[in-house]
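Here is the file input-v8.cif (mmCIF, C-alpha atoms).
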```
data_work
#
loop_
_atom_site.label_atom_id
_atom_site.label_comp_id
_atom_site.auth_asym_id
_atom_site.auth_seq_id
_atom_site.Cartn_x
_atom_site.Cartn_y
_atom_site.Cartn_z
CA MET M 1 31.08 8.98 -122.29
CA PRO M 2 28.65 11.60 -120.97
CA MET M 3 26.96 10.95 -117.64
CA ASP M 4 23.23 10.31 -117.81
CA PHE M 5 20.65 12.03 -115.62
CA LYS M 6 19.94 8.99 -113.43
CA LYS M 7 23.61 8.36 -112.61
CA ALA M 8 24.26 12.06 -111.94
CA THR M 9 21.27 12.40 -109.63
CA ASP M 10 22.07 9.11 -107.87
CA GLU M 11 25.52 10.50 -107.04
CA LEU M 12 24.09 13.87 -106.01
CA LEU M 13 21.48 12.39 -103.66
CA TRP M 14 23.66 9.68 -102.10
CA SER M 15 24.37 10.02 -98.40
CA PHE M 16 25.84 7.94 -95.59
CA SER M 17 23.61 5.40 -93.90
CA HIS M 18 23.47 4.95 -90.14
CA THR M 19 25.38 1.69 -90.67
CA GLU M 20 28.23 3.39 -92.54
CA LEU M 21 28.38 6.18 -89.98
CA ALA M 22 28.41 3.73 -87.07
CA LYS M 23 31.24 1.76 -88.68
CA SER M 24 33.29 4.94 -89.24
CA LEU M 25 32.74 5.96 -85.62
CA GLY M 26 33.44 2.48 -84.27
CA VAL M 27 30.09 2.24 -82.51
CA SER M 28 26.77 0.43 -82.99
CA VAL M 29 23.90 1.67 -85.13
CA PRO M 30 21.67 2.07 -82.04
CA SER M 31 24.39 4.28 -80.49
CA VAL M 32 24.31 6.55 -83.53
CA ARG M 33 20.52 6.70 -83.48
CA GLN M 34 20.41 7.45 -79.75
CA ALA M 35 23.04 10.19 -80.05
CA ARG M 36 20.95 11.81 -82.80
CA LEU M 37 17.84 12.00 -80.61
CA ASP M 38 16.78 15.25 -78.99
CA VAL M 39 18.66 15.72 -75.72
CA ALA M 40 15.34 15.72 -73.87
CA ALA M 41 14.48 12.21 -75.09
CA LYS M 42 14.82 9.45 -72.49
CA ALA M 43 16.79 7.25 -74.91
CA HIS M 44 19.26 10.02 -75.81
CA ARG M 45 22.93 9.15 -75.35
CA SER M 46 26.05 11.25 -75.76
CA PRO M 47 27.81 11.04 -79.12
CA PRO M 48 30.96 8.92 -79.28
CA GLU M 49 34.35 10.40 -78.41
CA GLY M 50 36.08 12.03 -81.35
CA TRP M 51 32.94 12.26 -83.46
CA GLU M 52 33.86 15.73 -84.73
CA LEU M 53 37.00 14.59 -86.56
CA THR M 54 35.24 11.57 -88.05
CA ILE M 55 32.32 13.65 -89.30
CA ALA M 56 34.73 16.26 -90.67
CA ARG M 57 36.61 13.54 -92.58
CA LEU M 58 33.39 12.09 -93.99
CA ALA M 59 32.15 15.56 -94.96
CA LYS M 60 35.43 16.27 -96.75
CA GLN M 61 35.15 12.98 -98.66
CA ARG M 62 31.56 13.80 -99.64
CA ALA M 63 32.53 17.31 -100.70
CA GLY M 64 35.31 15.88 -102.88
CA ALA M 65 32.88 13.45 -104.51
CA LEU M 66 30.39 16.25 -105.23
CA LEU M 67 33.13 18.48 -106.66
CA ALA M 68 34.26 15.63 -108.93
CA LEU M 69 30.66 15.13 -110.08
CA SER M 70 30.33 18.84 -110.84
CA LYS M 71 33.55 18.84 -112.87
CA ARG M 72 32.52 15.77 -114.87
CA LEU M 73 29.17 17.32 -115.73
CA GLN M 74 30.67 20.71 -116.63
CA ARG M 75 33.31 19.12 -118.88
CA GLY M 76 30.59 17.70 -121.09
CA LYS M 77 28.64 20.97 -121.34
CA ARG M 78 31.17 23.75 -121.85
CA PRO M 79 30.03 26.52 -124.17
CA ARG M 80 31.75 26.44 -127.55
CA ARG M 81 33.77 29.44 -128.65
CA ASN M 82 33.51 30.60 -132.26
#
```
Kindly return the structure encoded in the file as structure tokens.
Amino acid sequence: MPMDFKKATDELLWSFSHTELAKSLGVSVPSVRQARLDVAAKAHRSPPEGWELTIARLAKQRAGALLALSKRLQRGKRPRRN
């Protein structure tokens, strides 16, 4: 069944929430928010240890999901050869 516009754009625009990111990092949501603040902000805190590998893993998962979406959409719209 072909994918409709709403479903395709929902998948395209989806991103991780602060809650999902905090859970993946093993920290609280406020910790994520504080680490994202400008370093000059009084409430700024350092990011959690090992954040690079976690973010890399999440980015790879997201990239895979977007690639799968692209393939599903292209399958349904391939030009026909005569």
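If you count all atoms listed in the file and ignore residues fewer than 3 places along the chain from segment 45-54 of chain M, what sits within 12 Å of it is Glu20, Leu21, Ala22, Lys23, Ser24, Leu25, Gly26, Val27, Ser28, Val29, Pro30, Ser31, Val32, Arg33, Gln34, Ala35, Arg36, Leu37, Asp38, Val39, Ala40, Ala41, Lys42, Arg57, Leu58, Ala59, Lys60 and Gln61 of chain M.
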| If you count all atoms listed in the file, which residues fall within 12 Å of segment 74-78 of chain M, apart from same-chain ones fewer than 3 positions away, as a list in words? |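 Everything that qualifies: Met1, Pro2, Met3, Asp4, Ala8, Leu67, Ala68, Leu69, Ser70, Lys71 and Arg81 of chain M.
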| Suppose you want the space between atom CA of Trp14 of chain M and atom CA of Ile55 of chain M; what is it in Å? |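 Here the two named atoms are 16.0 Å from each other.
Atom CA of His18 of chain M is found 18.6 Å from atom CA of Ala63 of chain M.
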| atom CA of Leu13 of chain M and atom CA of Gly64 of chain M, how far apart in Å? |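 Here the two named atoms are 14.3 Å from each other.
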Enclose the full set of atoms of segment 55-61 of chain M listed in the file within a box whose edges lie along x, y and z, apply 6 Å of padding to each of the six sides, and report centre and edge lengths in Å to one decimal as JSON.
```
{"center_x": 34.4, "center_y": 14.2, "center_z": -94.0, "size_x": 16.5, "size_y": 16.2, "size_z": 21.4}
```
